[in-house]
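Undergrad: Let me give you the structure first, and then I'll get to my questions.
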2 protein chains.
Amino acid sequence: MNFKTAIILLGWVILPAGIRAQEIPQEPEEIISPRINDNSSVSFSLMAPQADTVKLVSDFLPPEKVMTRFGVQEGPGSVILEKNENGLWTFTSKPLESELYSFWYLVDGVRVADPNSPYVFRNGSTVTNIFTISGGQADYYENNDVPHGSVSNTWYHSPTLNKDRRLTVYTPPGYESSNESYPVLYLLHGAGGDENSWAAHGRATQIIDNLIAAGKAKPMIVVMPNGNVAQDGGYGYGSEGFQKPTFLPERSMNGEYEAHFKDVITFVEKTYRVKKEKEARAIAGRSMGGFHTMHISRYYENTFDYVGLFSAAVIPREDATGQVYSNMEETLKKQADNGLRLYWIAIGKTDFLFDANVAFRKQLDSLGMTYEYVESEEGHIWKNWRVYLTKFAPRLF
Amino acid sequence: MNFKTAIILLGWVILPAGIRAQEIPQEPEEIISPRINDNSSVSFSLMAPQADTVKLVSDFLPPEKVMTRFGVQEGPGSVILEKNENGLWTFTSKPLESELYSFWYLVDGVRVADPNSPYVFRNGSTVTNIFTISGGQADYYENNDVPHGSVSNTWYHSPTLNKDRRLTVYTPPGYESSNESYPVLYLLHGAGGDENSWAAHGRATQIIDNLIAAGKAKPMIVVMPNGNVAQDGGYGYGSEGFQKPTFLPERSMNGEYEAHFKDVITFVEKTYRVKKEKEARAIAGRSMGGFHTMHISRYYENTFDYVGLFSAAVIPREDATGQVYSNMEETLKKQADNGLRLYWIAIGKTDFLFDANVAFRKQLDSLGMTYEYVESEEGHIWKNWRVYLTKFAPRLF
């Protein structure tokens, strides 16, 4: 066998993807989908000759009210594709702003990732295709030709929880070849997420790489732990195996996470070359991670000089019993009195946590806490959390 | 809003996955698929009331001859699911041996990942669901409650290629807290893969964790570089962005990769605490990575004491022009004469590279190279490469 023949044969290894000629008449690799057009519109194509309806669901389409078990909610919009005589379904969007967009298809009602695009993100229990439109905000989310930090998945021992737990650590470009010590941002995920979420949907490592390269943020270490104390690692990454994910594992918001957080800090400050002063520690989180951030930052006295609440679930707990929640008002007041460099709150106008954040800011006002407040469009979505991080990180250290 | 209400509302955030009540009558989260039954059979369920045919394609089913553009080839088997009156399609397998299996559905001919299981692997251009059957070989592939190493995605500078390139590095449990130096296994991917493949489909980090924990392998560093010199990172991880993957990017097998490999070794030996002797260096690869391994191990004289060819594409190149290929016979002879601790060759009986490996072993015989040869069942599949790694790693260092 010569080399050329072998390469041709090697080719078949990935073909089970779609090449069952009797089932899929057109050769799938001729389809490019999504295709970003010169005018920043996007064309989607899916070969499905036997389907009756193919819908595209995406966050670039006008939001739709959808019926859920919890009532009517706003979700990503949808559109029905057009079928040609070969069974190819297509749709072209209007020109889109620079962003990272997610999408999936509903083929006769079944959720389908685009078989022509392998770029899928998992967030907890769902898998979603993504694409970017360059030339603006999305440039922060792309792997540009700039110096890159390292992204490590490692494990720390928690004496408090009596187990090893997985976390993601970003170290900035040059970390391995220098002796410098760096400040640390602890970046916490929300319900439905895990220690991978900020690096996946959140594009945190690209954002920090790109901000550092542009001289807009200081080199820093970013620590992304797992916020569900019942787990040692996110679903599929820990000893629970490949079980069906639960949206919010038990004990994730009962105070145990905050109480154990000292174990994360101890590990980080022992393992990496980090600065160990209040002014070199930041903490931020989205949704449940904002809840964790608010509590951790007041519970550990004089530990964090920078606090970021992104669409934070700052909601009074009726069932709070943990020590962490026992003196919230008092410790918040102390946090305000001790002073800190930045207490930063951001939320979207249509976020279901908007009112809760209004109430929380009133509480902060009454305690004399100084904070910055950013109100964005839209709601409880990753688009906002990525934007918040690109605004928050340049303010640190 | 109280906490309970908020958690319920938080719930909707992941629901766009499937909860469009008007489209999907049964609540998707009640479906567990795949479900591993007590007798190690597996039940698959997919809600698709409007579909005419739902097929399951998986490597546990009897292999099928499928028509591809390259002629008839053997691929994973398939079975048609049974539809009940609610539109739920189901299939239960016979009891399965302990293994890691992959699968997908064809819903009216469209490739579909199981919407009830977020455990998907990407290998180059395809996305595949996976599950494991515990209690045997698959125990090496699971995240067990044992000490874990760290898995880092980092970047090295290649002066030869004049660019920064991404690679995956596994450091063993205890690396961060010790001053010890470790031996290094360079583990190379095949065509269609990238620097993520061995850690994803290959389960290399779980395999090494579990072998070390069982006392069957020595603590080692495992370096998984990107074998396509045209890329700085795998598709979606480098500056090429989210473009349509090519199975084999240009220049991947023209000698440039082997010629630049000194840059990988230099980076690793400068950046990590590694032993720098021949006896502390191993190199192995699958398919194209076996081709790279064979050439690198003879081209760099007296550099590697352990060489592993897993289903290696050891094929004479008609178009070879690079310096690397100019004196293959001579350098192979020299490698044999210099001696090494282990030259290990494994291939499956139905692998399309079987004959090429017979020819290559004859060549080694004629040059006086001592090697070990392992012949397995089946062909050019990840199942074999994972098994080969569990056999090869214990022989190192």
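Lettering and numbering for the structure tokens are positional, with chains as A, B, ... in the shown order, residues counted from 1 in each chain, and ligands counted from 1 in the shown order.
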Please identify all polymer residues within 7 Å of segment 357-368 of chain A, counting only C-alpha atoms, omitting same-chain residues fewer than 5 positions from it, and present them as a list in words.
TA: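 Residues meeting the cut-off are Val314, Lys333 and Ala336 of chain A.
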Undergrad: With only C-alpha atoms as the counted atoms, please give the residues lying no more than 6 Å from segment 383-396 of chain B, apart from itself and same-chain residues fewer than 4 positions off, as a list in words.
TA: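 Residues near the query, excluding close chain neighbours: Gly202, Lys216 and Ala217 of chain B.
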Undergrad: Lay chain A over chain B using all C-alpha atoms, matched one to one in order, with a least-squares fit; then write it out as a CSV table (one decimal) with C-alpha atoms, in the first residue's frame.
TA:
```
chain,number,residue,atom,x,y,z
A,1,MET,CA,-39.2,37.0,46.1
A,2,ASN,CA,-38.2,34.2,48.4
A,3,PHE,CA,-35.4,31.7,48.0
A,4,LYS,CA,-37.6,28.9,46.9
A,5,THR,CA,-39.3,30.8,44.2
A,6,ALA,CA,-36.0,32.1,42.9
A,7,ILE,CA,-34.6,28.6,42.7
A,8,ILE,CA,-37.6,27.5,40.7
A,9,LEU,CA,-37.1,30.4,38.4
A,10,LEU,CA,-33.3,29.8,38.2
A,11,GLY,CA,-34.4,26.4,37.0
A,12,TRP,CA,-35.6,27.7,33.7
A,13,VAL,CA,-32.1,28.8,32.7
A,14,ILE,CA,-31.2,25.4,31.3
A,15,LEU,CA,-34.6,24.5,30.1
A,16,PRO,CA,-34.4,25.8,26.5
A,17,ALA,CA,-32.7,22.4,26.0
A,18,GLY,CA,-36.0,20.9,25.4
A,19,ILE,CA,-38.8,22.5,27.3
A,20,ARG,CA,-40.9,24.0,24.6
A,21,ALA,CA,-44.0,22.4,25.9
A,22,GLN,CA,-45.9,22.7,22.6
A,23,GLU,CA,-43.2,20.7,20.8
A,24,ILE,CA,-42.1,18.1,23.3
A,25,PRO,CA,-45.0,16.6,25.2
A,26,GLN,CA,-43.1,14.6,27.7
A,27,GLU,CA,-40.8,16.4,30.1
A,28,PRO,CA,-37.3,15.6,28.9
A,29,GLU,CA,-35.7,15.4,32.3
A,30,GLU,CA,-37.8,12.3,33.1
A,31,ILE,CA,-35.9,10.4,30.4
A,32,ILE,CA,-32.7,8.8,31.5
A,33,SER,CA,-30.7,7.8,28.5
A,34,PRO,CA,-28.5,5.9,28.3
A,35,ARG,CA,-29.5,4.0,31.4
A,36,ILE,CA,-27.1,1.3,32.6
A,37,ASN,CA,-29.1,-1.6,34.0
A,38,ASP,CA,-28.1,-3.9,36.8
A,39,ASN,CA,-27.2,-6.7,34.4
A,40,SER,CA,-24.9,-4.3,32.4
A,41,SER,CA,-27.4,-4.0,29.5
A,42,VAL,CA,-28.1,-0.5,28.4
A,43,SER,CA,-31.4,1.1,27.6
A,44,PHE,CA,-31.6,4.0,25.2
A,45,SER,CA,-34.7,6.4,25.0
A,46,LEU,CA,-35.4,9.2,22.6
A,47,MET,CA,-38.6,11.2,22.5
A,48,ALA,CA,-39.3,11.9,18.8
A,49,PRO,CA,-43.1,11.6,18.1
A,50,GLN,CA,-42.8,13.0,14.6
A,51,ALA,CA,-39.9,10.9,13.4
A,52,ASP,CA,-40.4,8.0,11.0
A,53,THR,CA,-37.2,6.1,11.9
A,54,VAL,CA,-34.8,6.4,14.8
A,55,LYS,CA,-31.6,4.4,14.5
A,56,LEU,CA,-29.0,3.9,17.2
A,57,VAL,CA,-25.4,3.6,15.9
A,58,SER,CA,-22.8,2.3,18.3
A,59,ASP,CA,-19.6,0.4,18.6
A,60,PHE,CA,-21.2,-2.3,20.8
A,61,LEU,CA,-23.5,-3.4,18.0
A,62,PRO,CA,-22.1,-5.9,15.4
A,63,PRO,CA,-20.0,-4.0,12.9
A,64,GLU,CA,-21.6,-3.2,9.6
A,65,LYS,CA,-20.2,-2.8,6.2
A,66,VAL,CA,-21.1,0.7,5.2
A,67,MET,CA,-20.7,2.3,1.8
A,68,THR,CA,-18.4,5.3,1.9
A,69,ARG,CA,-16.9,7.4,-0.8
A,70,PHE,CA,-13.7,5.3,-0.4
A,71,GLY,CA,-15.6,2.0,-1.0
A,72,VAL,CA,-17.1,-0.4,1.5
A,73,GLN,CA,-15.7,-0.2,5.0
A,74,GLU,CA,-16.5,-1.7,8.3
A,75,GLY,CA,-18.1,0.7,10.8
A,76,PRO,CA,-20.1,0.7,14.0
A,77,GLY,CA,-23.3,-1.3,13.9
A,78,SER,CA,-26.9,0.1,14.0
A,79,VAL,CA,-30.3,-0.9,15.1
A,80,ILE,CA,-33.8,0.6,14.7
A,81,LEU,CA,-35.4,1.7,17.9
A,82,GLU,CA,-39.0,0.8,18.8
A,83,LYS,CA,-41.6,3.6,19.0
A,84,ASN,CA,-44.4,3.6,21.6
A,85,GLU,CA,-47.7,5.4,21.4
A,86,ASN,CA,-46.3,8.5,23.1
A,87,GLY,CA,-43.5,8.8,20.4
A,88,LEU,CA,-40.8,7.5,22.7
A,89,TRP,CA,-38.3,5.4,20.9
A,90,THR,CA,-36.4,2.8,23.0
A,91,PHE,CA,-33.9,0.0,22.7
A,92,THR,CA,-32.2,-2.2,25.3
A,93,SER,CA,-28.9,-3.9,24.5
A,94,LYS,CA,-27.8,-7.3,25.7
A,95,PRO,CA,-25.5,-7.2,28.7
A,96,LEU,CA,-22.2,-5.5,27.7
A,97,GLU,CA,-18.6,-6.1,28.7
A,98,SER,CA,-16.9,-3.4,30.6
A,99,GLU,CA,-15.8,-0.8,28.1
A,100,LEU,CA,-16.2,2.8,27.1
A,101,TYR,CA,-18.7,2.9,24.3
A,102,SER,CA,-19.7,5.6,21.9
A,103,PHE,CA,-23.0,6.1,20.1
A,104,TRP,CA,-25.3,8.5,18.3
A,105,TYR,CA,-28.7,8.4,16.8
A,106,LEU,CA,-29.9,8.9,13.2
A,107,VAL,CA,-33.3,10.6,13.4
A,108,ASP,CA,-34.7,10.3,9.9
A,109,GLY,CA,-31.2,10.2,8.7
A,110,VAL,CA,-29.9,13.2,10.7
A,111,ARG,CA,-27.0,12.5,13.1
A,112,VAL,CA,-28.2,13.4,16.7
A,113,ALA,CA,-26.4,13.4,20.0
A,114,ASP,CA,-28.7,12.1,22.8
A,115,PRO,CA,-30.4,15.2,24.1
A,116,ASN,CA,-30.7,13.5,27.5
A,117,SER,CA,-27.0,12.9,27.9
A,118,PRO,CA,-24.5,15.8,27.8
A,119,TYR,CA,-21.5,13.5,27.7
A,120,VAL,CA,-20.1,14.1,24.3
A,121,PHE,CA,-16.5,13.8,23.0
A,122,ARG,CA,-15.2,15.7,20.1
A,123,ASN,CA,-12.5,14.2,17.9
A,124,GLY,CA,-11.6,16.7,15.2
A,125,SER,CA,-14.8,17.1,13.3
A,126,THR,CA,-17.3,14.8,15.0
A,127,VAL,CA,-19.2,14.8,18.2
A,128,THR,CA,-20.1,11.5,19.8
A,129,ASN,CA,-21.9,10.5,23.0
A,130,ILE,CA,-20.2,8.1,25.4
A,131,PHE,CA,-21.0,5.9,28.3
A,132,THR,CA,-19.0,3.3,30.3
A,133,ILE,CA,-19.8,-0.1,31.7
A,134,SER,CA,-17.8,-0.4,34.9
A,135,GLY,CA,-16.3,-3.5,36.5
A,136,GLY,CA,-13.4,-4.3,34.1
A,137,GLN,CA,-11.3,-2.5,31.5
A,138,ALA,CA,-13.5,0.7,31.7
A,139,ASP,CA,-12.5,1.1,35.4
A,140,TYR,CA,-9.2,2.5,33.9
A,141,TYR,CA,-11.2,5.1,32.0
A,142,GLU,CA,-13.3,6.5,34.9
A,143,ASN,CA,-12.6,9.3,37.3
A,144,ASN,CA,-12.2,7.1,40.3
A,145,ASP,CA,-11.7,8.3,43.9
A,146,VAL,CA,-7.9,8.2,43.6
A,147,PRO,CA,-5.3,10.9,43.7
A,148,HIS,CA,-5.5,12.9,40.5
A,149,GLY,CA,-2.8,14.5,38.4
A,150,SER,CA,-3.2,18.0,36.8
A,151,VAL,CA,-4.1,18.5,33.2
A,152,SER,CA,-2.9,21.7,31.7
A,153,ASN,CA,-3.4,23.3,28.3
A,154,THR,CA,-0.4,25.4,27.8
A,155,TRP,CA,1.6,27.0,24.9
A,156,TYR,CA,5.2,26.5,23.8
A,157,HIS,CA,7.1,28.6,21.4
A,158,SER,CA,8.5,26.8,18.4
A,159,PRO,CA,11.5,28.7,16.9
A,160,THR,CA,11.5,26.1,14.0
A,161,LEU,CA,7.9,26.9,13.0
A,162,ASN,CA,8.1,30.5,14.3
A,163,LYS,CA,4.9,30.3,16.3
A,164,ASP,CA,3.4,29.5,19.7
A,165,ARG,CA,1.6,26.2,19.8
A,166,ARG,CA,-0.9,24.6,22.2
A,167,LEU,CA,-0.2,21.3,24.0
A,168,THR,CA,-1.7,19.3,26.8
A,169,VAL,CA,0.4,18.3,29.7
A,170,TYR,CA,-0.5,15.8,32.5
A,171,THR,CA,1.6,16.1,35.7
A,172,PRO,CA,1.1,13.3,38.2
A,173,PRO,CA,-0.5,13.5,41.7
A,174,GLY,CA,1.9,15.2,44.0
A,175,TYR,CA,3.8,17.1,41.3
A,176,GLU,CA,2.9,20.5,42.7
A,177,SER,CA,3.9,19.7,46.3
A,178,SER,CA,7.1,17.9,45.7
A,179,ASN,CA,10.6,18.7,44.3
A,180,GLU,CA,10.9,15.4,42.5
A,181,SER,CA,11.8,15.1,38.8
A,182,TYR,CA,9.7,12.8,36.6
A,183,PRO,CA,10.1,10.8,33.4
A,184,VAL,CA,8.1,11.9,30.4
A,185,LEU,CA,5.9,10.1,27.9
A,186,TYR,CA,5.2,12.0,24.7
A,187,LEU,CA,1.9,10.8,23.5
A,188,LEU,CA,0.9,11.7,19.9
A,189,HIS,CA,-2.6,11.8,18.3
A,190,GLY,CA,-3.7,10.6,14.9
A,191,ALA,CA,-5.1,12.2,11.8
A,192,GLY,CA,-8.4,13.9,12.6
A,193,GLY,CA,-7.3,14.6,16.2
A,194,ASP,CA,-5.4,17.3,18.0
A,195,GLU,CA,-3.8,18.1,21.4
A,196,ASN,CA,-7.1,17.3,23.1
A,197,SER,CA,-7.7,13.8,21.7
A,198,TRP,CA,-5.7,11.6,24.0
A,199,ALA,CA,-7.2,13.3,27.1
A,200,ALA,CA,-10.8,13.1,25.6
A,201,HIS,CA,-11.4,9.8,23.6
A,202,GLY,CA,-8.1,8.4,24.8
A,203,ARG,CA,-8.8,8.8,28.5
A,204,ALA,CA,-5.1,9.1,28.9
A,205,THR,CA,-5.2,11.1,32.1
A,206,GLN,CA,-7.7,8.8,33.8
A,207,ILE,CA,-5.6,5.8,32.6
A,208,ILE,CA,-2.4,7.1,34.1
A,209,ASP,CA,-4.1,8.3,37.3
A,210,ASN,CA,-5.6,4.8,37.8
A,211,LEU,CA,-2.4,2.9,36.8
A,212,ILE,CA,-0.4,5.0,39.3
A,213,ALA,CA,-3.0,4.6,42.0
A,214,ALA,CA,-2.9,0.8,41.5
A,215,GLY,CA,0.9,0.8,41.7
A,216,LYS,CA,1.0,-0.5,38.1
A,217,ALA,CA,2.7,2.5,36.5
A,218,LYS,CA,5.4,4.9,37.7
A,219,PRO,CA,4.5,8.6,38.3
A,220,MET,CA,5.2,10.3,35.0
A,221,ILE,CA,4.5,13.4,33.0
A,222,VAL,CA,2.5,12.9,29.8
A,223,VAL,CA,2.9,15.5,27.0
A,224,MET,CA,0.3,15.5,24.3
A,225,PRO,CA,1.2,18.0,21.6
A,226,ASN,CA,-0.6,19.0,18.4
A,227,GLY,CA,0.6,17.0,15.4
A,228,ASN,CA,-0.5,19.4,12.7
A,229,VAL,CA,2.2,22.0,12.1
A,230,ALA,CA,-0.2,24.2,10.1
A,231,GLN,CA,-2.2,24.8,13.3
A,232,ASP,CA,-1.2,26.6,16.5
A,233,GLY,CA,-4.0,24.8,18.3
A,234,GLY,CA,-6.7,22.2,17.4
A,235,TYR,CA,-9.8,23.4,15.6
A,236,GLY,CA,-11.6,25.8,18.0
A,237,TYR,CA,-8.6,26.1,20.3
A,238,GLY,CA,-6.2,28.1,18.0
A,239,SER,CA,-6.2,31.2,16.0
A,240,GLU,CA,-8.0,29.6,13.0
A,241,GLY,CA,-11.2,30.1,14.9
A,242,PHE,CA,-14.4,28.0,14.5
A,243,GLN,CA,-13.8,27.0,10.9
A,244,LYS,CA,-14.9,23.7,9.4
A,245,PRO,CA,-12.3,21.1,10.3
A,246,THR,CA,-10.2,19.4,7.7
A,247,PHE,CA,-9.5,15.7,8.4
A,248,LEU,CA,-5.8,16.0,7.8
A,249,PRO,CA,-4.5,19.6,7.6
A,250,GLU,CA,-1.7,20.2,5.1
A,251,ARG,CA,1.9,19.6,6.1
A,252,SER,CA,1.0,17.1,8.9
A,253,MET,CA,3.0,14.3,7.5
A,254,ASN,CA,5.6,16.0,5.4
A,255,GLY,CA,8.5,15.9,7.9
A,256,GLU,CA,8.0,19.3,9.4
A,257,TYR,CA,6.4,18.0,12.6
A,258,GLU,CA,9.3,15.6,13.3
A,259,ALA,CA,11.9,18.3,12.5
A,260,HIS,CA,10.3,20.7,14.9
A,261,PHE,CA,9.8,18.2,17.7
A,262,LYS,CA,13.0,19.3,19.4
A,263,ASP,CA,11.2,22.5,20.3
A,264,VAL,CA,8.6,20.4,22.2
A,265,ILE,CA,11.3,18.6,24.2
A,266,THR,CA,13.2,21.8,24.9
A,267,PHE,CA,10.0,23.5,26.2
A,268,VAL,CA,9.1,20.5,28.4
A,269,GLU,CA,12.6,20.1,29.8
A,270,LYS,CA,12.9,23.8,30.6
A,271,THR,CA,9.4,24.2,32.0
A,272,TYR,CA,8.7,21.1,34.1
A,273,ARG,CA,10.7,19.1,36.6
A,274,VAL,CA,11.7,16.2,34.3
A,275,LYS,CA,14.5,13.8,34.1
A,276,LYS,CA,16.6,14.5,31.0
A,277,GLU,CA,18.1,11.1,30.2
A,278,LYS,CA,17.2,8.7,27.4
A,279,GLU,CA,15.9,6.2,30.0
A,280,ALA,CA,13.4,8.8,31.2
A,281,ARG,CA,12.0,9.6,27.8
A,282,ALA,CA,9.2,7.6,26.1
A,283,ILE,CA,7.3,8.3,22.9
A,284,ALA,CA,4.1,6.7,21.6
A,285,GLY,CA,1.4,7.5,19.2
A,286,ARG,CA,-1.6,6.1,17.4
A,287,SER,CA,-2.1,5.9,13.6
A,288,MET,CA,-0.5,9.1,12.2
A,289,GLY,CA,1.0,9.6,15.7
A,290,GLY,CA,2.6,6.2,15.3
A,291,PHE,CA,4.1,7.3,12.0
A,292,HIS,CA,5.4,10.5,13.8
A,293,THR,CA,6.7,8.3,16.7
A,294,MET,CA,8.6,5.9,14.5
A,295,HIS,CA,10.3,8.8,12.6
A,296,ILE,CA,11.0,11.0,15.7
A,297,SER,CA,12.4,8.1,17.7
A,298,ARG,CA,15.0,7.3,15.0
A,299,TYR,CA,15.6,10.9,13.8
A,300,TYR,CA,16.7,12.1,17.3
A,301,GLU,CA,19.5,9.8,18.1
A,302,ASN,CA,19.7,8.1,21.5
A,303,THR,CA,16.9,10.3,22.8
A,304,PHE,CA,14.1,7.8,23.6
A,305,ASP,CA,14.4,4.5,25.5
A,306,TYR,CA,10.8,3.5,25.0
A,307,VAL,CA,8.9,3.6,21.7
A,308,GLY,CA,5.2,2.7,21.2
A,309,LEU,CA,3.6,2.3,17.8
A,310,PHE,CA,-0.2,1.9,18.2
A,311,SER,CA,-1.9,1.0,14.9
A,312,ALA,CA,0.9,3.0,13.4
A,313,ALA,CA,0.7,4.4,9.8
A,314,VAL,CA,4.2,3.1,9.1
A,315,ILE,CA,3.9,3.6,5.4
A,316,PRO,CA,6.6,4.5,2.9
A,317,ARG,CA,6.0,8.0,1.6
A,318,GLU,CA,6.3,8.3,-2.2
A,319,ASP,CA,6.4,12.1,-1.9
A,320,ALA,CA,8.8,12.3,1.1
A,321,THR,CA,11.2,15.2,0.6
A,322,GLY,CA,12.0,16.4,4.1
A,323,GLN,CA,15.4,15.8,5.6
A,324,VAL,CA,13.7,13.6,8.2
A,325,TYR,CA,12.9,10.9,5.7
A,326,SER,CA,16.2,11.1,3.8
A,327,ASN,CA,18.0,8.3,5.6
A,328,MET,CA,15.3,6.2,7.2
A,329,GLU,CA,17.0,2.8,6.8
A,330,GLU,CA,20.3,4.1,8.1
A,331,THR,CA,18.8,5.8,11.2
A,332,LEU,CA,16.6,2.8,12.0
A,333,LYS,CA,19.6,0.6,11.9
A,334,LYS,CA,21.5,3.0,14.2
A,335,GLN,CA,18.5,3.1,16.6
A,336,ALA,CA,18.6,-0.7,16.7
A,337,ASP,CA,22.4,-0.8,17.2
A,338,ASN,CA,22.3,1.8,19.9
A,339,GLY,CA,19.7,-0.3,21.7
A,340,LEU,CA,16.7,0.8,23.6
A,341,ARG,CA,14.6,-0.7,26.4
A,342,LEU,CA,11.3,-1.2,24.6
A,343,TYR,CA,10.2,-1.0,21.0
A,344,TRP,CA,6.5,-1.9,21.3
A,345,ILE,CA,4.2,-2.5,18.3
A,346,ALA,CA,0.5,-3.1,18.6
A,347,ILE,CA,-2.2,-3.4,16.0
A,348,GLY,CA,-5.7,-5.0,15.5
A,349,LYS,CA,-6.2,-7.9,13.2
A,350,THR,CA,-8.7,-6.1,11.0
A,351,ASP,CA,-6.8,-2.8,10.9
A,352,PHE,CA,-6.4,-1.5,7.4
A,353,LEU,CA,-2.8,-0.8,8.4
A,354,PHE,CA,-2.2,-4.4,9.3
A,355,ASP,CA,-0.3,-5.3,6.2
A,356,ALA,CA,1.8,-2.2,6.4
A,357,ASN,CA,2.8,-3.2,9.9
A,358,VAL,CA,3.7,-6.7,8.8
A,359,ALA,CA,6.0,-5.1,6.2
A,360,PHE,CA,7.5,-2.7,8.7
A,361,ARG,CA,8.2,-5.5,11.2
A,362,LYS,CA,10.0,-7.4,8.4
A,363,GLN,CA,12.1,-4.3,7.8
A,364,LEU,CA,12.9,-4.1,11.6
A,365,ASP,CA,13.8,-7.8,11.6
A,366,SER,CA,16.2,-7.3,8.7
A,367,LEU,CA,17.9,-4.4,10.6
A,368,GLY,CA,18.2,-6.4,13.8
A,369,MET,CA,15.8,-4.3,15.8
A,370,THR,CA,14.3,-6.1,18.8
A,371,TYR,CA,10.7,-5.3,19.5
A,372,GLU,CA,7.6,-6.6,21.2
A,373,TYR,CA,4.5,-7.2,19.2
A,374,VAL,CA,0.9,-7.3,20.4
A,375,GLU,CA,-1.9,-8.3,18.1
A,376,SER,CA,-5.4,-7.5,19.2
A,377,GLU,CA,-8.9,-8.1,17.9
A,378,GLU,CA,-10.7,-5.5,15.8
A,379,GLY,CA,-9.3,-2.6,13.9
A,380,HIS,CA,-8.5,1.1,13.8
A,381,ILE,CA,-10.5,2.2,16.8
A,382,TRP,CA,-10.1,4.1,20.0
A,383,LYS,CA,-11.1,1.1,22.0
A,384,ASN,CA,-7.8,-0.5,20.9
A,385,TRP,CA,-5.7,2.6,21.5
A,386,ARG,CA,-7.0,2.9,25.1
A,387,VAL,CA,-6.2,-0.7,25.7
A,388,TYR,CA,-2.7,-0.4,24.2
A,389,LEU,CA,-2.0,2.6,26.5
A,390,THR,CA,-3.0,0.6,29.6
A,391,LYS,CA,-0.6,-2.2,28.5
A,392,PHE,CA,2.2,0.1,27.4
A,393,ALA,CA,2.4,2.6,30.3
A,394,PRO,CA,3.1,0.0,33.0
A,395,ARG,CA,6.2,-1.0,31.0
A,396,LEU,CA,7.8,2.4,31.2
A,397,PHE,CA,10.6,3.8,33.3
```
Undergrad: Mind the document's chain letters and residue numbers, and return as a PyMOL selection string the residues of segment 192-228 of chain A that DSSP labels helix (DSSP H, G or I).
TA: chain A and resi 204-213
Undergrad: Please identify which residues in segment 270-370 of chain B DSSP calls strand (DSSP E) from the backbone, and express them as JSON, numbers by chain.
TA: {"B": [281, 282, 283, 284, 285, 286, 306, 307, 308, 309, 310, 342, 343, 344, 345, 346, 347, 348]}
Undergrad: Print the selection's residues with N, CA and C atoms to a file, as a CSV table (one decimal), in the first residue's frame.
TA:
```
chain,number,residue,atom,x,y,z
B,281,ARG,N,12.8,9.0,28.9
B,281,ARG,CA,11.9,9.5,27.8
B,281,ARG,C,11.3,8.4,27.0
B,282,ALA,N,10.0,8.5,26.9
B,282,ALA,CA,9.2,7.6,26.1
B,282,ALA,C,8.4,8.3,25.1
B,283,ILE,N,8.1,7.7,23.9
B,283,ILE,CA,7.3,8.3,22.9
B,283,ILE,C,6.4,7.3,22.3
B,284,ALA,N,5.1,7.6,22.2
B,284,ALA,CA,4.1,6.7,21.6
B,284,ALA,C,3.1,7.5,20.8
B,285,GLY,N,2.4,6.8,19.9
B,285,GLY,CA,1.4,7.5,19.2
B,285,GLY,C,0.5,6.5,18.5
B,286,ARG,N,-0.7,7.0,18.1
B,286,ARG,CA,-1.7,6.1,17.4
B,286,ARG,C,-1.8,6.6,16.0
B,306,TYR,N,12.0,4.3,25.1
B,306,TYR,CA,10.8,3.5,25.0
B,306,TYR,C,10.0,4.1,23.8
B,307,VAL,N,9.5,3.2,23.0
B,307,VAL,CA,8.8,3.6,21.7
B,307,VAL,C,7.6,2.8,21.6
B,308,GLY,N,6.4,3.4,21.4
B,308,GLY,CA,5.2,2.7,21.2
B,308,GLY,C,4.5,3.0,19.9
B,309,LEU,N,4.3,2.0,19.1
B,309,LEU,CA,3.5,2.3,17.8
B,309,LEU,C,2.2,1.6,17.9
B,310,PHE,N,1.1,2.4,18.1
B,310,PHE,CA,-0.2,1.9,18.2
B,310,PHE,C,-0.9,2.1,16.9
B,342,LEU,N,12.6,-0.6,25.1
B,342,LEU,CA,11.3,-1.2,24.6
B,342,LEU,C,10.9,-0.6,23.3
B,343,TYR,N,10.8,-1.4,22.3
B,343,TYR,CA,10.2,-1.0,21.0
B,343,TYR,C,8.9,-1.8,20.9
B,344,TRP,N,7.7,-1.2,21.1
B,344,TRP,CA,6.5,-1.9,21.3
B,344,TRP,C,5.5,-1.6,20.1
B,345,ILE,N,5.1,-2.6,19.5
B,345,ILE,CA,4.2,-2.5,18.3
B,345,ILE,C,2.9,-3.2,18.6
B,346,ALA,N,1.7,-2.5,18.4
B,346,ALA,CA,0.4,-3.1,18.6
B,346,ALA,C,-0.5,-2.8,17.5
B,347,ILE,N,-1.3,-3.7,17.0
B,347,ILE,CA,-2.2,-3.4,16.0
B,347,ILE,C,-3.4,-4.5,16.0
B,348,GLY,N,-4.5,-4.1,15.5
B,348,GLY,CA,-5.7,-5.0,15.5
B,348,GLY,C,-5.7,-5.8,14.2
```
